[in-house]
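The structure appears right after this line, and notes come after that.
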Amino acid sequence: SQQGEEDPQALSIQEGENATMNCSYKTSINNLQWYRQNSGRGLVHLILIRSNEREKHSGRLRVTLDTSKKSSSLLITASRAADTASYFCATDASGNTGKLIFGQGTTLQVKP
Amino acid sequence: EPEVTQTPSHQVTQMGQEVILRCVPISNHLYFYWYRQILGQKVEFLVSFYNNEISEKSEIFDDQFSVERPDGSNFTLKIRSTKLEDSAMYFCASSEYPRDTQYFGPGTRLTVL
């Protein structure tokens, strides 16, 4: 598998349900960042979690990081139709250059 | 809220032509990046830049590519002789520190005919 693989590739849920997306990676990291991308648009930063952190929250978003399993998850609670987008994890495994390696992303569809 | 801006939003060019993509990073940020995303594919790192030097570049960033910070606000990506396979969305990003949140611009869609 490649650095930063998301699972599932696609997810379809009803408004109000929770959505969980997973990301796995292969090498040691400095941090892991989650981004959202609406179709054909730019990348919106959601959360950064550092390698010494296990969980972070931001509004309806909850991110966990398990460095022993080299995996992270993004939970969106009480989803809304506006959450429909692609979600990417990006890992920073660089020395000090900030290079991010992105996964293929999870396409989330939230049905009203 | 400060944001990264990019111009133009869409650039169409003929194969073999030179293009310059422009970015204005967030004003107090010192680390700058270019990424690209070919349609339907994942975002790929091109180059990182700090203190007027390239910090790291990918295999994609060959001799046809160059970056420059011509003044205190702009950060540019130049492709000297475009190829069909350079068609992609190009994103500029900036961060205050190297291991910090990277803020992305809206992207420039480059179409090479």
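In the structure tokens, chains take letters A, B, ... by order of appearance, with residues numbered from 1 within each chain and ligands from 1 in the order shown.
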Residue neighbourhood Ala88 of chain B, 6 Å, only C-alpha atoms, exclusion window fewer than 6 positions, as number ranges by chain: B: 37-38, 109-110
Would you write out those residues with all heavy atoms, as a JSON list (two decimals), in the first residue's frame?
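And here is the file that came out, again04.json:
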[["chain", "number", "residue", "atom", "x", "y", "z"],
["B", 37, "GLN", "N", -2.53, 18.39, -9.06],
["B", 37, "GLN", "CA", -3.52, 17.31, -9.03],
["B", 37, "GLN", "C", -4.04, 17.11, -10.45],
["B", 37, "GLN", "O", -4.76, 17.97, -10.98],
["B", 37, "GLN", "CB", -4.67, 17.65, -8.08],
["B", 37, "GLN", "CG", -5.68, 16.53, -7.92],
["B", 37, "GLN", "CD", -6.80, 16.91, -6.96],
["B", 37, "GLN", "OE1", -7.20, 18.07, -6.89],
["B", 37, "GLN", "NE2", -7.31, 15.95, -6.22],
["B", 38, "ILE", "N", -3.63, 16.02, -11.05],
["B", 38, "ILE", "CA", -4.18, 15.65, -12.35],
["B", 38, "ILE", "C", -5.61, 15.19, -12.12],
["B", 38, "ILE", "O", -5.93, 14.56, -11.10],
["B", 38, "ILE", "CB", -3.32, 14.55, -13.00],
["B", 38, "ILE", "CG1", -1.93, 15.11, -13.32],
["B", 38, "ILE", "CG2", -3.98, 14.02, -14.27],
["B", 38, "ILE", "CD1", -0.92, 14.10, -13.77],
["B", 109, "ARG", "N", -6.06, 26.01, -12.80],
["B", 109, "ARG", "CA", -6.25, 24.88, -13.71],
["B", 109, "ARG", "C", -5.49, 25.15, -14.99],
["B", 109, "ARG", "O", -5.79, 26.10, -15.70],
["B", 109, "ARG", "CB", -7.74, 24.66, -14.01],
["B", 109, "ARG", "CG", -7.97, 23.46, -14.93],
["B", 109, "ARG", "CD", -9.44, 23.04, -14.99],
["B", 109, "ARG", "NE", -9.96, 22.61, -13.70],
["B", 109, "ARG", "CZ", -9.72, 21.44, -13.14],
["B", 109, "ARG", "NH1", -8.95, 20.57, -13.76],
["B", 109, "ARG", "NH2", -10.25, 21.14, -11.97],
["B", 110, "LEU", "N", -4.48, 24.34, -15.26],
["B", 110, "LEU", "CA", -3.67, 24.49, -16.47],
["B", 110, "LEU", "C", -4.10, 23.46, -17.49],
["B", 110, "LEU", "O", -4.13, 22.26, -17.19],
["B", 110, "LEU", "CB", -2.19, 24.30, -16.14],
["B", 110, "LEU", "CG", -1.23, 24.34, -17.32],
["B", 110, "LEU", "CD1", -1.22, 25.72, -17.98],
["B", 110, "LEU", "CD2", 0.19, 23.94, -16.91]]
Kindly provide, as a JSON list (two decimals) with C-alpha atoms, in the first residue's frame, the residues of chain B having any atom no farther than 12 Å from an atom of chain A, counting only C-alpha atoms.
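File iface07.json, as written:
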[["chain", "number", "residue", "atom", "x", "y", "z"],
["B", 3, "GLU", "CA", -5.70, 33.31, 2.67],
["B", 4, "VAL", "CA", -3.46, 32.12, -0.14],
["B", 5, "THR", "CA", -4.42, 33.53, -3.52],
["B", 6, "GLN", "CA", -3.52, 32.25, -6.97],
["B", 9, "SER", "CA", -7.72, 30.60, -12.04],
["B", 10, "HIS", "CA", -7.55, 28.95, -15.45],
["B", 30, "LEU", "CA", 7.96, 31.69, 5.38],
["B", 31, "TYR", "CA", 7.52, 28.24, 3.83],
["B", 32, "PHE", "CA", 6.00, 27.82, 0.40],
["B", 33, "TYR", "CA", 4.95, 24.83, -1.64],
["B", 34, "TRP", "CA", 3.58, 23.80, -5.00],
["B", 35, "TYR", "CA", 1.45, 20.72, -5.53],
["B", 36, "ARG", "CA", -0.48, 19.48, -8.52],
["B", 37, "GLN", "CA", -3.52, 17.31, -9.03],
["B", 38, "ILE", "CA", -4.18, 15.65, -12.35],
["B", 39, "LEU", "CA", -7.91, 15.23, -12.92],
["B", 40, "GLY", "CA", -9.25, 12.32, -10.92],
["B", 41, "GLN", "CA", -5.95, 11.64, -9.21],
["B", 42, "LYS", "CA", -4.42, 12.44, -5.88],
["B", 43, "VAL", "CA", -2.56, 15.61, -4.98],
["B", 44, "GLU", "CA", 1.18, 15.33, -5.66],
["B", 45, "PHE", "CA", 3.99, 17.31, -4.08],
["B", 46, "LEU", "CA", 6.19, 19.28, -6.48],
["B", 47, "VAL", "CA", 8.49, 21.49, -4.44],
["B", 48, "SER", "CA", 9.03, 23.21, -1.12],
["B", 49, "PHE", "CA", 10.79, 26.56, -0.80],
["B", 50, "TYR", "CA", 12.29, 28.45, 2.12],
["B", 51, "ASN", "CA", 14.69, 31.36, 2.44],
["B", 53, "GLU", "CA", 16.00, 28.17, -1.82],
["B", 54, "ILE", "CA", 14.36, 24.91, -2.78],
["B", 55, "SER", "CA", 14.17, 22.69, 0.31],
["B", 56, "GLU", "CA", 12.93, 19.59, -1.45],
["B", 57, "LYS", "CA", 11.63, 18.70, -4.88],
["B", 58, "SER", "CA", 9.94, 15.65, -6.31],
["B", 88, "ALA", "CA", -3.53, 19.61, -14.06],
["B", 89, "MET", "CA", -4.71, 21.77, -11.20],
["B", 90, "TYR", "CA", -1.73, 23.45, -9.56],
["B", 91, "PHE", "CA", -1.99, 24.41, -5.92],
["B", 92, "CYS", "CA", 0.21, 26.77, -4.00],
["B", 93, "ALA", "CA", 0.41, 26.42, -0.23],
["B", 94, "SER", "CA", 2.17, 28.20, 2.58],
["B", 95, "SER", "CA", 2.91, 27.61, 6.25],
["B", 96, "GLU", "CA", 4.45, 29.55, 9.08],
["B", 97, "TYR", "CA", 6.76, 26.68, 10.06],
["B", 98, "PRO", "CA", 7.84, 23.58, 8.13],
["B", 99, "ARG", "CA", 5.88, 21.10, 10.26],
["B", 100, "ASP", "CA", 2.80, 23.22, 10.54],
["B", 101, "THR", "CA", -0.59, 23.55, 8.92],
["B", 102, "GLN", "CA", -0.31, 24.19, 5.20],
["B", 103, "TYR", "CA", -2.90, 26.54, 3.78],
["B", 104, "PHE", "CA", -3.77, 25.99, 0.16],
["B", 105, "GLY", "CA", -4.82, 28.43, -2.50],
["B", 106, "PRO", "CA", -7.82, 27.83, -4.77],
["B", 107, "GLY", "CA", -5.61, 26.47, -7.54],
["B", 108, "THR", "CA", -4.84, 27.26, -11.16],
["B", 109, "ARG", "CA", -6.25, 24.88, -13.71]]
Using only C-alpha atoms, determine which residues lie at most 6 Å from Ser87 of chain B, disregarding the query and same-chain residues fewer than 2 positions distant; provide the list as an NGL selection string. :B and (84-85 or 110-112)
Would you mind listing what lies within 7 Å of Pro8 of chain A as a PyMOL selection string, with only C-alpha atoms counted and same-chain residues fewer than 3 positions away left out? chain A and resi 11+21+106
Export N, CA and C atoms of the chosen residues as a compact mmCIF listing (two decimals), in the first residue's frame?
# COMPACT_ATOMS: atom_id res chain seq x y z
N LEU A 11 -18.20 6.78 0.28
CA LEU A 11 -19.10 6.60 1.41
C LEU A 11 -20.35 7.41 1.17
N MET A 21 -13.90 8.01 8.24
CA MET A 21 -12.94 7.74 7.17
C MET A 21 -11.61 7.38 7.82
N THR A 106 -11.28 9.92 0.23
CA THR A 106 -12.59 9.30 0.39
C THR A 106 -13.63 10.29 -0.11
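The shortest atom-to-atom distance to Tyr87 of chain A, with only C-alpha atoms taken into account, belongs to A:Gln37 out of A:Ser12, A:Arg60, A:Gln37, A:Asn18.
The closest residue to Phe75 of chain B, picked from B:Thr13, B:Ile60, B:Val24, B:His29 and counting only C-alpha atoms, is B:Val24.
For the pair atom CA of Gln109 of chain A and atom CA of Ser71 of chain A, the separation is 22.8 Å.
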Write down as a VMD selection string the residues belonging to chain B that are assigned strand (DSSP E) by DSSP computed on the backbone. chain B and resid 5 to 7 10 to 13 19 to 24 31 to 37 43 to 50 53 to 57 65 to 68 75 to 79 88 to 95 103 to 104 108 to 112
File dump, residues just selected, C-alpha atoms, as a CSV table (one decimal), in the first residue's frame:
chain,number,residue,atom,x,y,z
B,5,THR,CA,-4.4,33.5,-3.5
B,6,GLN,CA,-3.5,32.3,-7.0
B,7,THR,CA,-3.7,33.7,-10.4
B,10,HIS,CA,-7.6,29.0,-15.5
B,11,GLN,CA,-4.7,29.0,-18.0
B,12,VAL,CA,-4.9,27.5,-21.5
B,13,THR,CA,-1.7,27.2,-23.4
B,19,VAL,CA,3.6,29.4,-18.4
B,20,ILE,CA,4.0,31.2,-15.1
B,21,LEU,CA,1.6,30.5,-12.3
B,22,ARG,CA,1.4,33.1,-9.6
B,23,CYS,CA,0.7,32.8,-5.9
B,24,VAL,CA,0.5,35.2,-3.0
B,31,TYR,CA,7.5,28.2,3.8
B,32,PHE,CA,6.0,27.8,0.4
B,33,TYR,CA,4.9,24.8,-1.6
B,34,TRP,CA,3.6,23.8,-5.0
B,35,TYR,CA,1.5,20.7,-5.5
B,36,ARG,CA,-0.5,19.5,-8.5
B,37,GLN,CA,-3.5,17.3,-9.0
B,43,VAL,CA,-2.6,15.6,-5.0
B,44,GLU,CA,1.2,15.3,-5.7
B,45,PHE,CA,4.0,17.3,-4.1
B,46,LEU,CA,6.2,19.3,-6.5
B,47,VAL,CA,8.5,21.5,-4.4
B,48,SER,CA,9.0,23.2,-1.1
B,49,PHE,CA,10.8,26.6,-0.8
B,50,TYR,CA,12.3,28.5,2.1
B,53,GLU,CA,16.0,28.2,-1.8
B,54,ILE,CA,14.4,24.9,-2.8
B,55,SER,CA,14.2,22.7,0.3
B,56,GLU,CA,12.9,19.6,-1.5
B,57,LYS,CA,11.6,18.7,-4.9
B,65,PHE,CA,10.1,23.6,-13.7
B,66,SER,CA,11.4,26.5,-11.7
B,67,VAL,CA,10.2,28.5,-8.7
B,68,GLU,CA,10.9,32.0,-7.7
B,75,PHE,CA,5.7,33.1,-5.3
B,76,THR,CA,5.8,31.8,-8.9
B,77,LEU,CA,6.0,28.4,-10.6
B,78,LYS,CA,7.3,28.5,-14.2
B,79,ILE,CA,7.0,25.6,-16.6
B,88,ALA,CA,-3.5,19.6,-14.1
B,89,MET,CA,-4.7,21.8,-11.2
B,90,TYR,CA,-1.7,23.5,-9.6
B,91,PHE,CA,-2.0,24.4,-5.9
B,92,CYS,CA,0.2,26.8,-4.0
B,93,ALA,CA,0.4,26.4,-0.2
B,94,SER,CA,2.2,28.2,2.6
B,95,SER,CA,2.9,27.6,6.2
B,103,TYR,CA,-2.9,26.5,3.8
B,104,PHE,CA,-3.8,26.0,0.2
B,108,THR,CA,-4.8,27.3,-11.2
B,109,ARG,CA,-6.2,24.9,-13.7
B,110,LEU,CA,-3.7,24.5,-16.5
B,111,THR,CA,-4.8,23.1,-19.8
B,112,VAL,CA,-2.1,22.3,-22.3
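Here atom CA of Lys111 of chain A stands at a distance of 4.8 Å from atom CA of Gln14 of chain A.
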Would you pick out the contacts of Ala85 of chain A at 8 Å or less, using only C-alpha atoms, so that residues sharing its chain but fewer than 5 positions from it are not included, and give the list as number ranges by chain? A: 36-39, 107-109
